[in-house]
file model_8.txt (compact mmCIF, C-alpha atoms)
# COMPACT_ATOMS: atom_id res chain seq x y z
CA MET N 1 45.80 -110.14 130.82
CA SER N 2 46.77 -113.59 132.10
CA ASN N 3 46.48 -114.63 135.74
CA THR N 4 50.28 -114.70 136.04
CA GLN N 5 50.61 -111.20 134.62
CA SER N 6 47.88 -109.95 136.94
CA ASP N 7 49.65 -111.45 139.95
CA ARG N 8 52.91 -109.73 139.02
CA LEU N 9 51.15 -106.43 138.50
CA ALA N 10 49.32 -106.60 141.84
CA ASN N 11 52.33 -107.89 143.76
CA PRO N 12 55.90 -107.46 142.52
CA LEU N 13 56.96 -110.32 144.80
CA ALA N 14 54.76 -112.83 142.99
CA ASP N 15 57.72 -114.66 141.43
CA ARG N 16 59.33 -115.40 144.80
CA PRO N 17 58.74 -118.64 146.71
CA PRO N 18 55.95 -118.47 149.32
CA ASP N 19 58.33 -118.78 152.27
CA GLN N 20 60.43 -115.86 151.00
CA LEU N 21 57.26 -113.83 150.51
CA ALA N 22 56.18 -114.42 154.11
CA ASP N 23 59.60 -113.34 155.39
CA ARG N 24 59.61 -110.25 153.18
CA LEU N 25 56.11 -109.17 154.22
CA ALA N 26 57.01 -109.57 157.89
CA ARG N 27 59.56 -106.75 157.57
CA PRO N 28 58.10 -103.29 157.01
CA ALA N 29 59.93 -100.86 154.77
CA ASP N 30 62.56 -98.71 156.49
CA ARG N 31 60.69 -95.54 155.57
CA THR N 32 57.34 -96.73 156.93
CA PRO N 33 57.64 -94.90 160.30
CA MET N 34 58.43 -91.64 158.52
CA ILE N 35 55.51 -92.10 156.15
CA ALA N 36 53.25 -92.86 159.11
CA LEU N 37 54.39 -89.69 160.87
CA CYS N 38 53.80 -87.58 157.75
CA MET N 39 50.36 -89.13 157.28
CA GLY N 40 49.43 -88.40 160.89
CA VAL N 41 50.48 -84.76 160.58
CA CYS N 42 48.65 -84.35 157.27
CA LEU N 43 45.48 -85.93 158.69
CA VAL N 44 45.45 -83.58 161.67
CA LEU N 45 46.09 -80.52 159.52
CA ALA N 46 43.45 -81.52 156.95
CA PHE N 47 40.94 -82.26 159.72
CA PHE N 48 41.28 -78.83 161.31
CA ALA N 49 41.50 -77.07 157.94
CA SER N 50 38.24 -78.70 156.85
CA ILE N 51 36.57 -77.43 160.02
CA ALA N 52 38.02 -73.92 159.83
CA ILE N 53 37.74 -73.15 156.11
CA GLY N 54 34.46 -72.51 154.36
CA ALA N 55 31.83 -69.87 153.67
CA VAL N 56 32.42 -68.73 157.26
CA SER N 57 36.16 -68.86 157.90
CA LEU N 58 37.32 -69.52 161.46
CA SER N 59 40.70 -69.05 163.06
CA PRO N 60 42.32 -71.91 165.01
CA GLY N 61 41.40 -70.09 168.19
CA ASP N 62 37.75 -69.85 167.10
CA VAL N 63 37.67 -73.58 166.39
CA PHE N 64 39.22 -74.39 169.77
CA ASP N 65 36.77 -72.11 171.60
CA ALA N 66 33.82 -73.60 169.73
CA VAL N 67 34.87 -77.12 170.72
CA VAL N 68 35.49 -76.24 174.35
CA SER N 69 32.33 -74.16 174.73
CA ARG N 70 30.23 -77.14 173.75
CA PHE N 71 31.09 -78.75 177.06
CA SER N 72 30.83 -75.57 179.08
CA SER N 73 27.75 -74.06 180.70
CA ALA N 74 29.02 -70.49 180.37
CA PRO N 75 26.79 -68.14 178.35
CA LEU N 76 27.92 -67.37 174.79
CA ASP N 77 27.78 -64.14 172.85
CA GLN N 78 26.32 -64.06 169.34
CA THR N 79 29.62 -64.61 167.56
CA ALA N 80 30.64 -67.52 169.79
CA ALA N 81 27.23 -69.12 169.40
CA LEU N 82 27.49 -68.82 165.61
CA ASN N 83 30.96 -70.35 165.60
CA GLN N 84 29.78 -73.23 167.76
CA ALA N 85 26.86 -73.91 165.42
CA VAL N 86 29.13 -73.84 162.37
CA VAL N 87 31.64 -76.24 163.92
CA TRP N 88 29.27 -78.71 165.57
CA ASP N 89 26.12 -78.58 163.46
CA LEU N 90 27.64 -78.16 159.99
CA ARG N 91 31.29 -79.02 159.58
CA LEU N 92 32.32 -81.59 162.16
CA ALA N 93 29.73 -84.16 161.06
CA ARG N 94 30.68 -83.52 157.45
CA VAL N 95 34.41 -83.96 158.10
CA LEU N 96 33.77 -87.20 159.99
CA THR N 97 31.63 -88.39 157.09
CA ALA N 98 34.53 -87.66 154.73
CA VAL N 99 36.80 -89.73 156.97
CA ILE N 100 34.32 -92.63 157.00
CA VAL N 101 33.72 -92.56 153.24
CA GLY N 102 37.40 -92.24 152.34
CA ALA N 103 38.56 -94.96 154.73
CA SER N 104 35.82 -97.34 153.58
CA LEU N 105 36.41 -96.93 149.85
CA ALA N 106 40.22 -97.02 150.09
CA THR N 107 40.39 -100.15 152.23
CA CYS N 108 37.85 -101.84 149.98
CA GLY N 109 40.05 -100.97 147.02
CA ALA N 110 43.09 -102.52 148.69
CA ALA N 111 41.10 -105.68 149.46
CA MET N 112 39.62 -105.91 145.95
CA GLN N 113 43.03 -105.49 144.33
CA GLY N 114 44.40 -108.29 146.49
CA LEU N 115 41.39 -110.47 145.77
CA PHE N 116 41.44 -110.02 142.00
CA GLY N 117 45.23 -109.88 141.71
CA ASN N 118 44.90 -106.66 139.73
CA PRO N 119 45.78 -103.12 140.86
CA LEU N 120 43.18 -101.72 138.44
CA ALA N 121 40.35 -103.28 140.46
CA ASP N 122 38.07 -100.86 142.26
CA PRO N 123 35.25 -101.35 144.80
CA GLY N 124 32.74 -100.40 142.13
CA ILE N 125 33.75 -103.47 140.15
CA VAL N 126 31.64 -105.72 142.42
CA GLY N 127 28.55 -103.74 141.49
CA VAL N 128 27.89 -101.86 144.71
CA SER N 129 28.33 -98.36 143.31
CA SER N 130 26.30 -98.91 140.16
CA GLY N 131 23.65 -100.83 142.08
CA ALA N 132 23.37 -98.09 144.68
CA SER N 133 23.07 -95.48 141.95
CA LEU N 134 20.31 -97.44 140.25
CA GLY N 135 18.45 -97.84 143.54
CA ALA N 136 18.62 -94.12 144.25
CA ILE N 137 17.46 -93.24 140.73
CA MET N 138 14.50 -95.61 141.05
CA VAL N 139 13.48 -94.00 144.34
CA VAL N 140 13.62 -90.51 142.85
CA VAL N 141 12.04 -91.17 139.45
CA LEU N 142 9.35 -93.60 140.65
CA GLN N 143 8.64 -91.34 143.66
CA ILE N 144 8.91 -94.13 146.22
CA SER N 145 8.46 -92.91 149.81
CA THR N 146 8.11 -96.07 151.87
CA PHE N 147 10.65 -95.00 154.50
CA GLY N 148 10.05 -91.27 154.39
CA MET N 149 13.26 -89.23 154.35
CA TRP N 150 15.31 -92.43 154.60
CA THR N 151 13.85 -93.96 151.44
CA LEU N 152 16.68 -92.84 149.15
CA PRO N 153 19.62 -94.08 151.28
CA VAL N 154 17.77 -97.29 152.16
CA GLY N 155 16.95 -97.92 148.50
CA ALA N 156 20.55 -97.24 147.47
CA PHE N 157 21.91 -99.52 150.18
CA LEU N 158 19.56 -102.42 149.38
CA ALA N 159 20.13 -102.13 145.64
CA GLY N 160 23.90 -102.03 146.09
CA VAL N 161 24.03 -105.11 148.29
CA GLY N 162 21.47 -106.90 146.10
CA THR N 163 23.57 -106.24 143.00
CA THR N 164 26.62 -107.68 144.73
CA PHE N 165 24.78 -110.87 145.61
CA LEU N 166 23.55 -111.12 142.01
CA ILE N 167 27.07 -110.84 140.64
CA TYR N 168 28.28 -113.42 143.13
CA ALA N 169 25.49 -115.85 142.13
CA LEU N 170 26.20 -115.41 138.41
CA ALA N 171 29.95 -115.75 138.69
CA ARG N 172 29.80 -118.54 141.31
CA PRO N 173 33.43 -118.08 142.40
CA GLY N 174 35.04 -121.15 143.84
CA GLN N 175 33.11 -123.51 141.58
CA GLU N 176 34.79 -125.62 138.95
CA GLY N 177 35.79 -123.57 135.92
CA SER N 178 35.36 -120.28 137.76
CA ASP N 179 38.02 -117.84 138.91
CA ASN N 180 38.55 -114.25 139.88
CA SER N 181 38.65 -113.09 136.27
CA LYS N 182 35.11 -114.40 135.72
CA LEU N 183 33.89 -112.52 138.78
CA LEU N 184 35.58 -109.39 137.46
CA LEU N 185 33.99 -109.73 134.02
CA VAL N 186 30.53 -110.46 135.41
CA GLY N 187 30.82 -107.39 137.61
CA ILE N 188 31.68 -105.23 134.60
CA ALA N 189 28.75 -106.65 132.60
CA VAL N 190 26.23 -106.12 135.42
CA ASN N 191 27.55 -102.60 135.94
CA ALA N 192 26.92 -101.89 132.25
CA ILE N 193 23.37 -103.25 132.44
CA GLY N 194 22.67 -101.24 135.58
CA GLY N 195 24.02 -98.15 133.88
CA ALA N 196 21.67 -98.70 130.93
CA PHE N 197 18.63 -98.97 133.24
CA ALA N 198 19.79 -95.90 135.16
CA GLY N 199 20.14 -93.99 131.89
CA TYR N 200 16.60 -94.92 130.83
CA LEU N 201 15.14 -93.83 134.17
CA THR N 202 17.10 -90.59 133.94
CA TYR N 203 15.56 -90.05 130.51
CA LEU N 204 12.10 -90.38 132.07
CA ALA N 205 12.86 -88.01 134.96
CA THR N 206 11.39 -84.54 135.27
CA ALA N 207 13.49 -81.38 135.47
CA ASP N 208 13.34 -81.29 139.28
CA GLN N 209 14.21 -84.97 139.49
CA LEU N 210 17.13 -84.51 137.11
CA GLN N 211 18.63 -81.89 139.38
CA SER N 212 18.45 -84.25 142.35
CA LEU N 213 19.82 -87.18 140.34
CA THR N 214 22.71 -85.17 138.94
CA PHE N 215 23.74 -83.97 142.38
CA TRP N 216 23.49 -87.47 143.88
CA SER N 217 25.21 -89.33 141.04
CA MET N 218 28.24 -87.01 141.24
CA GLY N 219 28.59 -87.45 144.99
CA SER N 220 28.28 -84.92 147.77
CA LEU N 221 28.73 -84.78 151.53
CA SER N 222 26.30 -81.90 151.97
CA SER N 223 23.65 -84.18 153.52
CA ALA N 224 26.02 -85.34 156.29
CA LYS N 225 24.44 -85.32 159.74
CA TRP N 226 25.33 -86.76 163.11
CA LEU N 227 22.71 -89.43 162.58
CA THR N 228 24.27 -90.57 159.31
CA VAL N 229 27.68 -90.60 161.00
CA ALA N 230 26.27 -92.80 163.77
CA ILE N 231 24.79 -95.20 161.20
CA SER N 232 27.87 -95.38 158.94
CA ALA N 233 30.63 -95.50 161.56
CA PRO N 234 29.98 -98.96 163.12
CA PRO N 235 30.03 -100.98 159.87
CA THR N 236 33.07 -99.00 158.73
CA ILE N 237 35.04 -99.75 161.90
CA ILE N 238 34.02 -103.41 161.95
CA GLY N 239 34.71 -103.86 158.24
CA ILE N 240 38.18 -102.31 158.35
CA ALA N 241 39.04 -104.35 161.43
CA LEU N 242 38.04 -107.56 159.60
CA LEU N 243 40.08 -106.63 156.55
CA CYS N 244 43.10 -106.01 158.77
CA ARG N 245 42.56 -109.42 160.34
CA TRP N 246 42.60 -111.06 156.90
CA ALA N 247 45.80 -109.28 155.84
CA ARG N 248 48.05 -112.35 155.68
CA PRO N 249 45.61 -114.50 153.64
CA LEU N 250 45.36 -111.57 151.23
CA ASP N 251 49.16 -111.48 150.96
CA LEU N 252 49.24 -115.14 150.05
CA LEU N 253 46.27 -114.83 147.70
CA ALA N 254 48.19 -112.22 145.70
CA LEU N 255 50.58 -115.02 144.66
CA GLY N 256 47.75 -116.95 143.05
CA GLU N 257 45.01 -119.26 144.23
CA ARG N 258 47.04 -122.46 143.87
CA GLN N 259 49.91 -121.21 146.03
CA ALA N 260 47.49 -119.83 148.60
CA ARG N 261 45.67 -123.16 148.86
CA HIS N 262 48.98 -124.99 149.36
CA LEU N 263 49.70 -122.64 152.27
CA GLY N 264 46.41 -123.44 153.97
CA VAL N 265 44.19 -120.57 152.80
CA ASP N 266 40.54 -121.44 152.22
CA VAL N 267 40.31 -119.36 149.05
CA THR N 268 36.59 -119.86 148.49
CA LEU N 269 35.64 -118.83 152.02
CA LEU N 270 38.07 -115.90 151.98
CA ARG N 271 36.65 -114.66 148.69
CA ARG N 272 33.09 -114.78 150.01
CA LYS N 273 34.00 -112.95 153.19
CA LEU N 274 35.87 -110.26 151.29
CA ILE N 275 33.03 -109.69 148.85
CA PHE N 276 30.40 -109.41 151.57
CA VAL N 277 32.46 -107.10 153.79
CA THR N 278 33.47 -104.80 150.94
CA ALA N 279 29.89 -104.71 149.69
CA LEU N 280 28.68 -103.64 153.12
CA LEU N 281 31.38 -101.00 153.48
CA VAL N 282 30.90 -99.45 150.05
CA ALA N 283 27.11 -99.55 150.24
CA ALA N 284 27.16 -97.82 153.62
CA ALA N 285 29.49 -95.16 152.20
CA VAL N 286 27.66 -94.35 148.96
CA SER N 287 24.06 -94.79 150.13
CA PHE N 288 24.11 -91.49 152.03
CA ASN N 289 26.60 -89.53 149.94
CA GLY N 290 26.26 -90.68 146.36
CA THR N 291 28.83 -92.23 144.07
CA ILE N 292 32.43 -91.17 144.73
CA GLY N 293 34.85 -92.86 142.37
CA PHE N 294 38.57 -93.53 142.12
CA VAL N 295 39.30 -93.44 145.88
CA GLY N 296 39.69 -97.21 145.97
CA LEU N 297 41.90 -97.13 142.88
CA VAL N 298 44.26 -94.25 143.61
CA VAL N 299 45.03 -94.58 147.32
CA PRO N 300 45.99 -98.29 147.64
CA HIS N 301 48.20 -98.12 144.57
CA LEU N 302 50.10 -95.10 145.86
CA PHE N 303 50.77 -96.73 149.22
CA ARG N 304 51.69 -100.01 147.56
CA LEU N 305 54.45 -98.10 145.78
CA MET N 306 55.59 -96.40 149.00
CA ILE N 307 55.41 -99.13 151.63
CA GLY N 308 55.14 -102.35 149.64
CA PRO N 309 52.38 -104.92 149.11
CA ALA N 310 52.01 -106.19 152.71
CA HIS N 311 48.30 -105.84 153.52
CA ARG N 312 48.89 -105.56 157.27
CA LEU N 313 50.39 -102.15 156.46
CA LEU N 314 48.58 -101.43 153.22
CA ILE N 315 45.06 -101.61 154.67
CA PRO N 316 45.52 -99.18 157.61
CA PHE N 317 47.62 -96.82 155.47
CA SER N 318 44.95 -96.94 152.77
CA ALA N 319 42.29 -96.10 155.36
CA ALA N 320 44.28 -93.04 156.47
CA GLY N 321 45.09 -92.02 152.90
CA GLY N 322 41.49 -92.40 151.78
CA ALA N 323 40.27 -90.28 154.68
CA LEU N 324 42.85 -87.61 153.85
CA LEU N 325 42.01 -87.60 150.13
CA VAL N 326 38.23 -87.29 150.62
CA MET N 327 38.65 -84.59 153.27
CA LEU N 328 40.80 -82.53 150.89
CA ALA N 329 38.46 -83.19 147.95
CA ASP N 330 35.45 -82.12 150.00
CA LEU N 331 37.31 -79.01 151.17
CA ALA N 332 38.03 -78.15 147.54
CA ALA N 333 34.41 -78.82 146.59
CA ARG N 334 33.21 -76.35 149.22
CA THR N 335 35.70 -73.60 148.48
CA LEU N 336 36.35 -73.57 144.72
CA ASP N 337 33.13 -71.78 143.80
CA PRO N 338 31.53 -70.30 146.94
CA PRO N 339 28.73 -70.12 147.86
CA SER N 340 27.96 -72.90 145.37
CA GLU N 341 29.36 -76.38 145.90
CA VAL N 342 31.18 -78.41 143.26
CA PRO N 343 30.18 -82.11 143.36
CA ILE N 344 32.96 -84.11 144.97
CA GLY N 345 32.72 -86.65 142.15
CA VAL N 346 34.00 -83.98 139.75
CA ILE N 347 37.04 -83.40 141.96
CA MET N 348 37.78 -87.11 142.26
CA GLY N 349 37.25 -87.70 138.54
CA SER N 350 39.73 -84.96 137.63
CA LEU N 351 42.30 -86.66 139.87
CA GLY N 352 41.47 -90.30 139.26
CA GLY N 353 41.18 -90.22 135.47
CA PRO N 354 44.75 -89.05 134.79
CA PHE N 355 46.02 -91.37 137.52
CA PHE N 356 44.27 -94.32 135.84
CA LEU N 357 45.88 -93.44 132.52
CA TRP N 358 49.27 -93.20 134.22
CA MET N 359 48.81 -96.66 135.69
CA ILE N 360 48.01 -98.09 132.26
CA TYR N 361 51.02 -96.34 130.72
CA ARG N 362 53.27 -97.56 133.50
CA SER N 363 52.13 -101.18 133.12
CA ARG N 364 52.64 -101.11 129.35
CA ARG N 365 56.03 -99.45 129.74
CA PHE N 366 57.26 -102.36 131.83
CA GLY N 367 55.70 -104.94 129.53
CA ILE N 368 53.10 -106.16 131.99
CA ALA N 369 49.87 -105.16 130.31
CA PRO N 370 48.88 -106.77 127.04
CA THR N 371 49.79 -104.89 123.89
call {"tool": "encode", "arguments": {"input": "model_8.txt", "output": "C-alpha cells"}}
result
Amino acid sequence: MSNTQSDRLANPLADRPPDQLADRLARPADRTPMIALCMGVCLVLAFFASIAIGAVSLSPGDVFDAVVSRFSSAPLDQTAALNQAVVWDLRLARVLTAVIVGASLATCGAAMQGLFGNPLADPGIVGVSSGASLGAIMVVVLQISTFGMWTLPVGAFLAGVGTTFLIYALARPGQEGSDNSKLLLVGIAVNAIGGAFAGYLTYLATADQLQSLTFWSMGSLSSAKWLTVAISAPPTIIGIALLCRWARPLDLLALGERQARHLGVDVTLLRRKLIFVTALLVAAAVSFNGTIGFVGLVVPHLFRLMIGPAHRLLIPFSAAGGALLVMLADLAARTLDPPSEVPIGVIMGSLGGPFFLWMIYRSRRFGIAPT
C-alpha cells in the first residue's frame, strides 16, 4: 500500500487542502452530542452491571447499600458484609482495571493509526504486546523471582518497553530514507522474532508453567487489585491527556509528513513522543493483565466512522469506547461459563477477527487496498 493510499484510508479528508482540513476538523459532527450522551449512558450501565453481575448476583439496591456502608460505621449483618466484600474487594477494582486497560489500548490505537496513516495499525505493532508476553514467559519458564510477586508484571513491563526502544533504534524514524512504513515493517519483524522465542520457551515449559502461560497470554483481569489500579491509573491518565494535547498535530500528520512539516509540525519529535507514550500506556496495561488484542483496532475505527477523523474528539471517544468494550468483554468472560472464567483474549479475538476481515473487505471494495 502506498503512502498516499494509506493517508486516504486513515483519513478520508486527505485529498483536501490543509486549510480546509483545519476548518473541517474544527467543526464536530452534528450527531456528536447524541453519541456522547449514548456513550455516557452505556458506560454507567455497563459499570454497574459489571459490579452487580457475577457468581454472586446483586440487585441495584444491594450495590448501593454496599457502597454506602463502606463509609458508615454502622454494624453490618452477614449478608451486608458479604455484599460489601464482593463489591469492594473483588469487583470494583476489577471494573476499574477494565476501564484503565480499555481506555489505554483504544487511545493508543487511535494515536498509532494517526501516526502510521493506516487504520489497520494496532498498539501491538510497536512491539509492546509481544515484548511484554516474551518477558512474562521468560519469568515463568526461567523461574525468575527477583522482585517476588511483582516479578512477572515488572518483567513484562521492562521487556515491552525495551522491545519498543529496540524497534525505534532499528527503524530510526526521522532519518534520511526512513518513514513510517519502515517503522511498521520493523515492528512486524521484531514481533515475529519475539513470537518465535516465546514459542521455544513455551515448548520448554512444564505442565504447571504451561497453565500459567496460557492463562496470561490470553489475557485476564482476575488478578486486578487496588494496588494494581493505583499503579496503572496515573500513567494512563497522564498518557491520555498528552495524546489529547497532541490531537491537532495528529490531524495534520494524517495528511502526510510533507504537508505536516509545511504547517509547522516537528514530525520527528512528534513521532518519538507518540511512540514513547503509547509504549508506556500499553506496557502498563498488559503487564498486569496479559495480552488483550484488537481493542486498539476496533474502537478507534468505529468512532472514526461515526464522528469523523478529528483526534480531539476521536481520542476521548476512543477512551470511553475502549473502557466500555473491555468492561463488557470481561463481564462476558466471567459469566459465560460460571464458575470458570473464559480468558478475555478469547472474547476479544472472536470480535476483533471478523471486524479485521470486514475492514479489509471494505478497503478492497472501495479500491483503496492493493489487489
call {"tool": "residues_around", "arguments": {"input": "model_8.txt", "residues": "Phe288 in chain N", "least_positions_apart": "2", "cutoff": "10 Å", "atoms": "all atoms listed in the file", "output": "number ranges by chain"}}
result
N: 97, 101, 132, 136, 150, 152-154, 156-157, 216, 219-225, 228-229, 231-232, 283-286, 290-291
call {"tool": "atom_distance", "arguments": {"input": "model_8.txt", "atom1": "CA of Gln259 in chain N", "atom2": "CA of Ala111 in chain N"}}
result
18.2 Å
call {"tool": "residues_near_point", "arguments": {"input": "model_8.txt", "point": "(35.1, -72.9, 157.8)", "cutoff": "10 Å", "atoms": "only C-alpha atoms", "output": "PyMOL selection string"}}
result
chain N and resi 48-59+63+83+86-87+90-91+331+334-335
call {"tool": "residues_around", "arguments": {"input": "model_8.txt", "residues": "Cys38 in chain N", "least_positions_apart": "6", "cutoff": "12 Å", "atoms": "only C-alpha atoms", "output": "VMD selection string"}}
result
chain N and resid 31 to 32 44 to 45 317 320 to 321 324
call {"tool": "residues_near_point", "arguments": {"input": "model_8.txt", "point": "(36.7, -83.9, 145.7)", "cutoff": "9 Å", "atoms": "all atoms listed in the file", "output": "VMD selection string"}}
result
chain N and resid 219 to 220 292 325 to 333 342 to 351
call {"tool": "closest_residue", "arguments": {"input": "model_8.txt", "among": "N:Cys244, N:Phe47, N:Phe303, N:Gly195", "to": "Ala93 in chain N", "atoms": "only C-alpha atoms"}}
result
N:Phe47
call {"tool": "closest_residue", "arguments": {"input": "model_8.txt", "among": "N:Asp337, N:Asp208, N:Asp30, N:Asp122", "to": "Gly296 in chain N", "atoms": "only C-alpha atoms"}}
result
N:Asp122
call {"tool": "atom_distance", "arguments": {"input": "model_8.txt", "atom1": "CA of Gly109 in chain N", "atom2": "CA of Pro123 in chain N"}}
result
5.3 Å
call {"tool": "closest_residue", "arguments": {"input": "model_8.txt", "among": "N:Ala85, N:Leu297, N:Val277, N:Leu142", "to": "Leu357 in chain N", "atoms": "only C-alpha atoms"}}
result
N:Leu297
